[in-house]
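Structure file entry39.txt with compact mmCIF, C-alpha atoms and all ligand atoms:
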# COMPACT_ATOMS: atom_id res chain seq x y z
CA MET K 224 78.71 -218.89 -51.49
CA LYS K 225 80.01 -215.34 -51.61
CA GLU K 226 83.46 -216.72 -52.42
CA SER K 227 82.31 -217.94 -55.80
CA VAL K 228 82.43 -214.31 -57.04
CA GLU K 229 86.22 -214.34 -56.66
CA ILE K 230 86.55 -217.77 -58.25
CA LYS K 231 84.44 -216.64 -61.23
CA GLU K 232 86.72 -213.63 -61.74
CA LEU K 233 89.83 -215.81 -61.41
CA VAL K 234 88.51 -218.26 -64.01
CA LYS K 235 87.56 -215.40 -66.33
CA ILE K 236 91.00 -213.78 -66.37
CA SER K 237 92.82 -217.14 -66.43
CA GLN K 238 90.83 -218.34 -69.43
CA TYR K 239 91.25 -215.00 -71.21
CA ALA K 240 95.06 -215.14 -70.97
CA GLY K 241 95.41 -218.93 -71.15
CA SER K 242 93.61 -219.20 -74.47
CA ASP K 243 96.10 -216.97 -76.30
CA ILE K 244 99.65 -218.17 -76.92
CA LEU K 245 100.63 -214.56 -77.64
CA LEU K 246 99.75 -213.75 -73.99
CA VAL K 247 101.11 -216.75 -72.08
CA GLN K 248 103.18 -219.77 -73.05
CA GLY K 249 103.26 -223.12 -71.27
CA GLY K 250 102.74 -222.81 -67.53
CA GLY K 251 103.84 -219.15 -67.59
CA GLY K 252 101.87 -216.19 -66.27
CA ASN K 253 99.65 -216.11 -63.23
CA ALA K 254 96.33 -214.75 -61.98
CA SER K 255 94.89 -213.92 -58.58
CA VAL K 256 91.83 -212.36 -56.97
CA LYS K 257 91.52 -211.09 -53.38
CA SER K 258 88.39 -211.04 -51.25
CA ARG K 259 86.94 -207.58 -50.58
CA ASP K 260 87.71 -207.94 -46.86
CA LYS K 261 91.39 -208.54 -47.75
CA ARG K 262 91.57 -211.79 -45.82
CA LYS K 263 91.98 -214.27 -48.65
CA MET K 264 93.56 -214.50 -52.07
CA TRP K 265 92.75 -217.09 -54.73
CA ILE K 266 95.74 -217.75 -56.97
CA LYS K 267 96.63 -220.18 -59.74
CA ALA K 268 98.54 -223.15 -58.32
CA SER K 269 102.06 -224.05 -59.35
CA GLY K 270 102.22 -226.68 -62.11
CA PHE K 271 98.96 -225.62 -63.82
CA ARG K 272 98.53 -223.69 -67.03
CA LEU K 273 96.24 -220.65 -66.83
CA SER K 274 93.96 -222.43 -69.33
CA GLU K 275 93.56 -225.28 -66.81
CA VAL K 276 92.05 -223.05 -64.10
CA THR K 277 88.35 -223.84 -63.69
CA ASP K 278 85.74 -223.41 -60.92
CA GLU K 279 86.92 -226.66 -59.38
CA LYS K 280 90.65 -226.88 -59.91
CA GLY K 281 93.97 -225.26 -60.71
CA TYR K 282 94.04 -222.73 -57.85
CA VAL K 283 94.74 -222.47 -54.14
CA VAL K 284 93.18 -220.24 -51.49
CA THR K 285 95.72 -218.37 -49.39
CA ASP K 286 95.68 -216.36 -46.18
CA LEU K 287 96.33 -212.87 -47.55
CA ARG K 288 97.26 -211.30 -44.23
CA SER K 289 100.00 -213.84 -43.57
CA LEU K 290 101.37 -213.29 -47.09
CA VAL K 291 101.44 -209.52 -46.69
CA SER K 292 103.20 -209.75 -43.34
CA LEU K 293 105.66 -212.22 -44.88
CA MET K 294 106.41 -209.71 -47.65
CA HIS K 295 106.98 -206.93 -45.15
CA SER K 296 109.00 -208.97 -42.66
CA LYS K 297 112.44 -207.47 -42.15
CA LYS K 298 114.21 -210.80 -41.81
CA MET K 299 112.78 -212.36 -44.94
CA ASN K 300 115.03 -214.49 -47.11
CA HIS K 301 114.63 -217.22 -49.75
CA LYS K 302 113.97 -220.00 -47.27
CA GLU K 303 111.51 -218.03 -45.11
CA PHE K 304 109.73 -216.97 -48.27
CA SER K 305 109.11 -220.48 -49.68
CA GLY K 306 108.20 -221.80 -46.23
CA GLY K 307 105.78 -218.88 -45.74
CA LEU K 308 104.16 -219.47 -49.13
CA LYS K 309 103.42 -223.09 -48.24
CA LEU K 310 102.05 -222.14 -44.82
CA SER K 311 99.74 -219.52 -46.34
CA VAL K 312 97.58 -222.17 -48.06
CA ILE K 313 94.15 -222.45 -46.44
CA GLY K 314 92.52 -225.87 -46.19
CA ASP K 315 93.97 -229.27 -46.95
CA SER K 316 95.06 -228.63 -50.53
CA THR K 317 98.31 -230.33 -51.47
CA LEU K 318 98.84 -227.79 -54.27
CA ARG K 319 101.41 -225.05 -53.90
CA PRO K 320 100.94 -221.36 -54.70
CA SER K 321 103.35 -220.09 -57.37
CA MET K 322 106.74 -218.57 -56.46
CA GLU K 323 105.35 -215.28 -57.79
CA THR K 324 102.59 -215.20 -55.15
CA GLY K 325 104.61 -212.61 -53.19
CA PHE K 326 103.98 -209.74 -55.57
CA HIS K 327 100.34 -210.72 -56.14
CA ALA K 328 99.75 -210.30 -52.40
CA VAL K 329 100.89 -206.67 -52.31
CA LEU K 330 99.15 -205.50 -55.50
CA PRO K 331 95.49 -204.41 -55.99
CA ARG K 332 92.53 -206.79 -55.79
CA VAL K 333 92.70 -208.48 -59.21
CA VAL K 334 96.10 -209.27 -60.76
CA LEU K 335 96.85 -210.77 -64.16
CA HIS K 336 100.51 -211.43 -64.89
CA THR K 337 101.24 -212.44 -68.49
CA ASN K 338 104.20 -212.71 -70.86
CA PRO K 339 102.65 -211.01 -73.89
CA VAL K 340 104.78 -211.15 -77.03
CA TYR K 341 103.74 -207.60 -77.99
CA VAL K 342 104.62 -206.19 -74.54
CA ASN K 343 107.75 -208.28 -74.06
CA ALA K 344 109.08 -206.73 -77.26
CA PHE K 345 109.30 -203.48 -75.23
CA ALA K 346 110.52 -205.32 -72.12
CA CYS K 347 113.35 -207.05 -74.04
CA MET K 348 114.47 -204.08 -76.16
CA GLU K 349 117.16 -201.51 -75.38
CA ASP K 350 115.34 -198.26 -74.53
CA GLY K 351 112.00 -200.07 -74.42
CA GLU K 352 110.98 -197.59 -71.68
CA LEU K 353 111.18 -194.65 -74.10
CA ALA K 354 109.47 -196.56 -76.89
CA ILE K 355 106.41 -197.47 -74.83
CA MET K 356 106.19 -193.97 -73.39
CA GLU K 357 106.16 -192.59 -76.91
CA VAL K 358 103.36 -194.84 -78.07
CA MET K 359 101.23 -194.78 -74.88
CA ASN K 360 101.84 -191.12 -74.20
CA GLN K 361 102.12 -191.80 -70.46
CA GLU K 362 104.78 -192.68 -67.94
CA MET K 363 105.05 -196.37 -67.16
CA VAL K 364 106.05 -198.24 -64.05
CA TRP K 365 109.04 -200.46 -64.83
CA VAL K 366 110.60 -203.03 -62.55
CA LYS K 367 114.23 -203.80 -63.28
CA TYR K 368 115.20 -207.39 -63.96
CA LYS K 369 115.33 -209.66 -60.90
CA PRO K 370 115.36 -213.47 -60.69
CA PRO K 371 111.79 -214.83 -60.49
CA GLY K 372 110.35 -215.64 -57.07
CA PHE K 373 111.51 -214.02 -53.88
CA GLU K 374 113.78 -211.30 -55.33
CA LEU K 375 111.33 -210.23 -58.03
CA SER K 376 108.49 -210.07 -55.50
CA VAL K 377 110.53 -207.86 -53.17
CA GLU K 378 111.48 -205.52 -56.02
CA VAL K 379 107.89 -205.22 -57.30
CA ASP K 380 106.79 -204.39 -53.77
CA ARG K 381 109.56 -201.78 -53.35
CA VAL K 382 108.76 -200.03 -56.65
CA CYS K 383 105.00 -200.08 -56.01
CA ARG K 384 105.33 -198.69 -52.50
CA GLY K 385 107.44 -195.86 -53.89
CA TYR K 386 104.79 -195.18 -56.54
CA SER K 387 102.03 -195.29 -53.95
CA GLU K 388 103.78 -192.75 -51.69
CA LEU K 389 103.92 -190.30 -54.59
CA ASN K 390 100.51 -190.95 -56.14
CA GLY K 391 98.38 -192.12 -53.24
CA HIS K 392 97.51 -195.43 -54.92
CA LEU K 393 99.20 -198.51 -56.34
CA PRO K 394 100.08 -198.52 -60.06
CA PRO K 395 97.57 -200.14 -62.43
CA ASP K 396 100.10 -201.60 -64.88
CA ILE K 397 103.68 -202.72 -64.45
CA ILE K 398 106.28 -203.84 -66.98
CA LEU K 399 108.88 -206.33 -65.76
CA ARG K 400 112.14 -205.91 -67.64
CA ASN K 401 113.09 -209.14 -69.53
CA HIS K 402 110.14 -210.95 -67.98
CA GLY K 403 106.59 -209.80 -68.64
CA PHE K 404 103.62 -207.63 -67.77
CA ILE K 405 101.33 -207.18 -64.77
CA ALA K 406 97.86 -205.67 -65.06
CA CYS K 407 96.06 -204.96 -61.81
CA GLY K 408 92.82 -203.33 -60.77
CA ASP K 409 89.53 -203.75 -59.01
CA SER K 410 87.85 -206.17 -61.42
CA ALA K 411 88.46 -208.91 -63.95
CA ASP K 412 87.21 -206.67 -66.78
CA LYS K 413 89.66 -203.93 -65.83
CA VAL K 414 92.76 -206.18 -66.03
CA ILE K 415 91.57 -207.75 -69.27
CA SER K 416 91.09 -204.33 -70.88
CA SER K 417 94.50 -203.09 -69.60
CA THR K 418 96.24 -206.15 -71.03
CA GLY K 419 94.52 -205.58 -74.37
CA LYS K 420 95.49 -201.89 -74.33
CA PHE K 421 99.19 -202.71 -73.93
CA VAL K 422 99.08 -205.42 -76.58
CA ASP K 423 97.56 -202.85 -78.96
CA ALA K 424 100.36 -200.40 -78.08
CA GLY K 425 102.87 -203.09 -79.08
CA LYS K 426 101.04 -203.61 -82.37
CA ARG K 427 101.12 -199.89 -83.08
CA PHE K 428 104.81 -199.53 -82.31
CA PHE K 429 106.23 -202.75 -83.78
CA GLY K 430 103.59 -203.49 -86.41
CA GLU K 431 101.53 -206.69 -86.44
CA LEU K 432 103.10 -210.13 -86.78
CA HIS K 433 102.65 -211.94 -90.07
CA SER K 434 99.25 -213.69 -90.25
CA ASP K 435 101.08 -217.05 -90.52
CA ALA K 436 103.10 -216.45 -87.33
CA LEU K 437 101.10 -219.06 -85.37
CA LEU K 438 100.36 -221.40 -88.25
CA CYS K 439 100.98 -225.12 -87.65
CA THR K 440 101.93 -226.75 -90.92
CA GLY K 441 103.62 -229.78 -89.40
CA PRO K 442 107.27 -230.69 -89.99
CA PRO K 443 108.58 -232.25 -93.22
CA ASP K 444 108.83 -236.09 -93.18
CA LYS K 445 112.63 -236.00 -93.24
CA LEU K 446 112.73 -233.93 -90.05
CA VAL K 447 110.16 -236.17 -88.30
CA LYS K 448 112.33 -239.20 -89.12
CA TRP K 449 115.50 -237.39 -87.96
CA ALA K 450 113.85 -236.45 -84.64
CA GLY K 451 112.63 -240.04 -84.15
CA GLU K 452 116.13 -241.41 -84.68
CA MET K 453 117.56 -238.80 -82.31
CA GLU K 454 115.06 -239.81 -79.62
CA LYS K 455 115.97 -243.50 -80.00
CA SER K 456 119.71 -242.80 -79.89
CA LEU K 457 119.43 -240.53 -76.83
CA GLN K 458 117.35 -243.14 -74.99
CA GLU K 459 119.88 -245.87 -75.81
CA HIS K 460 122.87 -243.70 -75.00
CA PHE K 461 121.66 -242.21 -71.71
CA LYS K 462 119.59 -244.96 -70.09
CA GLN K 463 119.37 -243.15 -66.74
CA ILE K 464 118.01 -239.91 -68.26
CA SER K 465 114.51 -239.53 -69.64
CA TYR K 466 114.82 -238.11 -73.18
CA PHE K 467 112.10 -237.51 -75.78
CA ALA K 468 112.46 -235.62 -79.05
CA ARG K 469 109.93 -233.99 -81.38
CA ALA K 470 110.17 -231.75 -84.42
CA THR K 471 108.31 -228.44 -84.27
CA LYS K 472 104.90 -228.04 -85.87
CA TYR K 473 105.03 -224.25 -86.19
CA SER K 474 105.87 -222.86 -89.61
CA THR K 475 107.67 -219.91 -87.93
CA LEU K 476 110.14 -222.36 -86.34
CA LEU K 477 110.49 -224.44 -89.50
CA ASP K 478 111.30 -221.29 -91.49
CA ALA K 479 113.65 -220.03 -88.76
CA ALA K 480 116.01 -222.94 -89.51
CA LEU K 481 116.75 -221.33 -92.88
CA ASP K 482 118.89 -218.91 -90.88
CA VAL K 483 120.66 -221.19 -88.40
CA GLU K 484 123.13 -218.49 -87.37
CA MET K 485 120.25 -216.37 -86.08
CA LEU K 486 118.86 -219.36 -84.14
CA LEU K 487 122.22 -220.17 -82.58
CA GLU K 488 122.52 -216.60 -81.40
CA SER K 489 118.99 -216.44 -80.05
CA GLY K 490 119.90 -216.50 -76.38
CA PRO K 491 117.37 -216.25 -73.57
CA LEU K 492 115.25 -213.12 -73.31
CA VAL K 493 113.23 -214.13 -70.24
CA PRO K 494 113.75 -216.56 -67.31
CA ASP K 495 111.53 -219.28 -68.85
CA ASP K 496 113.88 -219.45 -71.85
CA VAL K 497 116.64 -220.48 -69.46
CA VAL K 498 114.46 -222.91 -67.53
CA TYR K 499 113.16 -224.60 -70.70
CA TYR K 500 116.18 -224.84 -72.93
CA SER K 501 119.15 -223.67 -70.84
CA GLY K 502 119.45 -220.78 -73.24
CA LYS K 503 121.34 -222.79 -75.84
CA VAL K 504 120.42 -223.91 -79.34
CA LEU K 505 122.65 -226.65 -80.76
CA PRO K 506 123.33 -226.97 -84.51
CA ALA K 507 122.94 -230.10 -86.65
CA GLU K 508 122.63 -231.08 -90.29
CA ILE K 509 120.06 -233.51 -91.60
CA SER K 510 122.86 -235.72 -92.94
CA ASN K 511 124.36 -236.07 -89.41
CA SER K 512 123.48 -239.45 -87.94
CA SER K 513 122.10 -239.04 -84.41
CA GLU K 514 124.75 -241.44 -83.03
CA LYS K 515 127.53 -239.37 -84.54
CA TRP K 516 125.91 -236.12 -83.39
CA ILE K 517 125.74 -237.38 -79.79
CA SER K 518 129.27 -238.81 -79.74
CA THR K 519 130.87 -235.67 -81.18
CA ARG K 520 129.15 -233.23 -78.79
CA PRO K 521 131.71 -231.40 -76.67
CA GLY K 522 130.67 -231.63 -73.01
CA PRO K 523 127.55 -233.14 -71.43
CA LEU K 524 124.04 -232.58 -72.81
CA PRO K 525 121.50 -230.77 -70.63
CA GLY K 526 118.14 -232.34 -69.75
CA ARG K 527 116.33 -230.01 -72.15
CA PHE K 528 117.72 -228.55 -75.34
CA ILE K 529 116.86 -227.36 -78.83
CA ILE K 530 118.51 -228.56 -82.03
CA ALA K 531 118.42 -226.36 -85.13
CA VAL K 532 118.56 -228.67 -88.14
CA GLU K 533 119.84 -226.47 -90.92
CA GLY K 534 117.28 -225.77 -93.63
CA TYR K 535 114.66 -228.11 -92.09
CA GLY K 536 113.45 -226.82 -88.74
CA VAL K 537 113.82 -227.12 -85.02
CA VAL K 538 113.79 -230.27 -82.86
CA PHE K 539 113.02 -230.13 -79.13
CA VAL K 540 114.53 -232.58 -76.66
CA GLY K 541 113.12 -232.86 -73.15
CA PRO K 542 112.07 -235.25 -70.36
CA SER K 543 108.48 -235.64 -71.66
CA TYR K 544 106.29 -234.57 -74.59
CA LYS K 545 104.40 -232.32 -72.17
CA THR K 546 107.61 -230.44 -71.35
CA ILE K 547 108.40 -230.30 -75.08
CA ASP K 548 105.03 -228.59 -75.73
CA THR K 549 106.00 -225.92 -73.19
CA MET K 550 109.51 -225.56 -74.63
CA GLU K 551 108.03 -225.10 -78.09
CA GLU K 552 105.60 -222.36 -76.98
CA ASN K 553 108.37 -220.50 -75.13
CA PHE K 554 110.77 -220.70 -78.03
CA LEU K 555 108.10 -219.57 -80.48
CA ALA K 556 107.49 -216.52 -78.27
CA ASN K 557 111.24 -215.83 -78.11
CA ILE K 558 111.51 -215.84 -81.91
CA LEU K 559 108.37 -213.70 -82.33
CA VAL K 560 109.63 -211.11 -79.82
CA ARG K 561 112.93 -210.99 -81.76
CA THR K 562 111.04 -210.57 -85.02
CA LEU K 563 109.08 -207.61 -83.61
CA ILE K 564 112.16 -205.90 -82.15
CA SER K 565 114.27 -206.40 -85.27
CA GLY K 566 112.25 -203.79 -87.15
CA ARG K 567 112.52 -201.10 -84.45
CA GLY K 568 115.54 -201.47 -82.19
CA SER K 569 118.09 -203.74 -80.60
CA ILE K 570 117.50 -206.76 -78.43
CA ARG K 571 118.44 -206.82 -74.77
CA SER K 572 119.13 -210.47 -73.90
CA LEU K 573 119.42 -211.69 -70.34
CA PRO K 574 122.94 -210.96 -69.03
CA PRO K 575 125.16 -214.10 -68.58
CA ASP K 576 125.32 -213.79 -64.78
CA GLU K 577 121.50 -213.73 -64.60
CA ILE K 578 121.36 -216.86 -66.79
CA GLU K 579 123.76 -218.56 -64.41
CA THR K 580 121.59 -217.63 -61.41
CA ILE K 581 118.50 -219.19 -62.99
CA LEU K 582 120.40 -222.30 -64.05
CA ASN K 583 121.50 -222.75 -60.46
CA MET K 584 117.97 -222.16 -59.17
CA ASP K 585 116.64 -224.70 -61.64
CA ALA K 586 119.26 -227.28 -60.69
CA GLU K 587 118.27 -226.80 -57.08
CA LYS K 588 114.61 -227.40 -57.94
CA TYR K 589 115.53 -230.48 -59.94
CA ARG K 590 117.56 -231.89 -57.07
CA GLN K 591 114.63 -231.36 -54.75
CA ALA K 592 112.31 -233.12 -57.19
CA LEU K 593 114.77 -236.02 -57.46
CA ALA K 594 114.95 -236.30 -53.71
CA ALA K 595 111.17 -236.42 -53.59
CA LYS K 596 111.16 -239.05 -56.38
CA ASP K 597 109.06 -236.66 -58.41
CA VAL K 598 110.92 -237.13 -61.69
ZN ZN G 601 106.45 -214.34 -64.26
I need this file expressed as structure tokens, please.
Amino acid sequence: MKESVEIKELVKISQYAGSDILLVQGGGGNASVKSRDKRKMWIKASGFRLSEVTDEKGYVVTDLRSLVSLMHSKKMNHKEFSGGLKLSVIGDSTLRPSMETGFHAVLPRVVLHTNPVYVNAFACMEDGELAIMEVMNQEMVWVKYKPPGFELSVEVDRVCRGYSELNGHLPPDIILRNHGFIACGDSADKVISSTGKFVDAGKRFFGELHSDALLCTGPPDKLVKWAGEMEKSLQEHFKQISYFARATKYSTLLDAALDVEMLLESGPLVPDDVVYYSGKVLPAEISNSSEKWISTRPGPLPGRFIIAVEGYGVVFVGPSYKTIDTMEENFLANILVRTLISGRGSIRSLPPDEIETILNMDAEKYRQALAAKDV
């Protein structure tokens, strides 16, 4: 019965972040709570959105001591790490803990990792470190960019241990360069208030987004028809690949197509941008027939991509409408982060070699899913 305290806290922080698209998008972000005796950790399971975590589902219980010794094992590598994560699950759950479980294990009792638009504007801006220091009036713990999963977890651990040696305790808040934010502390209320404090700092520094930033007006009829034809043509053309297409509903992304050049240049800022649209936006005109568009594309099409239809809006193409929802939320966040930065500084996109690393990781995951007949 005592365990329900931890589950309650996990649900509280998951629902807090999961209900706000400016805090997490799609299946991004993660939350965890450790037992007071440091034996167990409850953490959101892979494949769930934070908003889907409830008393009964969406999380796994892990053996905290085995995770901590895994993190501190000298001979740890990618393979050991994923094997160790799977083995750490207590009970007969078939769910998997997220690849980011490693850093949750070595941080304080309650951890809420989000990708807040207002904080990522600092994390994806040149000299974001100085900007946030200026507005918060305190020194911040930054973790340099590392690919998500094993390498990021090791780097968070390294930075936090260094901090702890100097200060006698782990840091309460951490900014992950080109990735996101981690709030940690002793209670759910503490991490919720820290997250809010940093979001407010972003609002003070960058100014608030336009009140229509999250408005869903729905796409114009012409774009809906164009997306429908594109979906049909892709399905006919590539029978062995699952393709669906949908026009955006967000007015921000409909308006963004007025400046197609900006959209074409809007490369990935964070790893999820690479995972969900390979970091590329492809141009099209409404007068292009979908057949002609497909046949004149140089090179193969990826499994997920975004088309900017000049003057009309954005169309998402992916393996399911569920994936498209996630792509849309991620891309909206990307554009909003760019909007915030544009008034105060210059954008720091993900470097090309880091994009390549994630693309390779993603391909590997896809191959594994194929082998398991999961897609
Ligand atoms: Zn993350």
May I have the residues within 6 Å of stretch 271-288 of chain K as a compact mmCIF listing (two decimals) with C-alpha atoms, in the coordinates of the input, using all atoms listed in the file and disregarding those fewer than 5 positions away in the same chain?
# COMPACT_ATOMS: atom_id res chain seq x y z
CA VAL K 234 88.51 -218.26 -64.01
CA SER K 237 92.82 -217.14 -66.43
CA GLN K 238 90.83 -218.34 -69.43
CA GLY K 241 95.41 -218.93 -71.15
CA GLY K 250 102.74 -222.81 -67.53
CA ARG K 262 91.57 -211.79 -45.82
CA LYS K 263 91.98 -214.27 -48.65
CA MET K 264 93.56 -214.50 -52.07
CA TRP K 265 92.75 -217.09 -54.73
CA ILE K 266 95.74 -217.75 -56.97
CA SER K 311 99.74 -219.52 -46.34
CA VAL K 312 97.58 -222.17 -48.06
CA ILE K 313 94.15 -222.45 -46.44
Review point. For K:Tyr500, which residue out of K:Leu375, K:Ile578, K:Ala411, K:Ala450 is the nearest one, using all atoms listed in the file?
Key: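 Residue with the minimum atom-to-atom distance to K:Tyr500: K:Ile578.
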Practice item. Taking all atoms listed in the file into account, report as a list in words which residues have an atom no farther than 8 Å from an atom of ligand ZN 601 (chain G). Key: Gly251, Gly252, Asn253, Glu323, His336, Thr337, Asn338, Pro371, His402 and Gly403 of chain K
Practice item. Dig up all the protein and nucleic acid residues within 7 Å of (90.6, -210.2, -69.2) in the file frame, using only C-alpha atoms, and format them as a PyMOL selection string. Key: chain K and resi 235-236+239-240+411-412+414-416
Exercise for review: Could you tell me how far atom CA of K:Val334 lies from atom CA of K:Asn553, in Å and to one decimal?
Suggested key: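 Taking atom CA of K:Val334 as the start and atom CA of K:Asn553 as the end point, the length is 22.0 Å.
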Exercise for review: Considering all atoms listed in the file, return as an NGL selection string whatever protein or nucleic-acid residues lie within 10 Å of K:Val504, sequence-local ones (same chain, fewer than 2 positions apart) excluded.
Suggested key: :K and (483 or 486-490 or 500-502 or 506-507 or 528-531 or 537-539)
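Of the listed residues K:Ile355, K:Leu290, K:Ile230, K:Met299, the one whose atoms come nearest to K:Gly425 is K:Ile355, with distances taken using all atoms listed in the file.
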Point to revise | Distance of atom CA of K:Ala468 from atom CA of K:Tyr544, expressed in Å to one decimal place | key: 7.7 Å
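Taking atom CA of K:Ser465 and atom CA of K:Ser543 as endpoints, the distance between them is 7.5 Å.
For the choices K:Gly385, K:Gly419, K:Gly391, K:Pro331, the atom-to-atom distance to K:Phe404 is smallest for K:Gly419 when using only C-alpha atoms.
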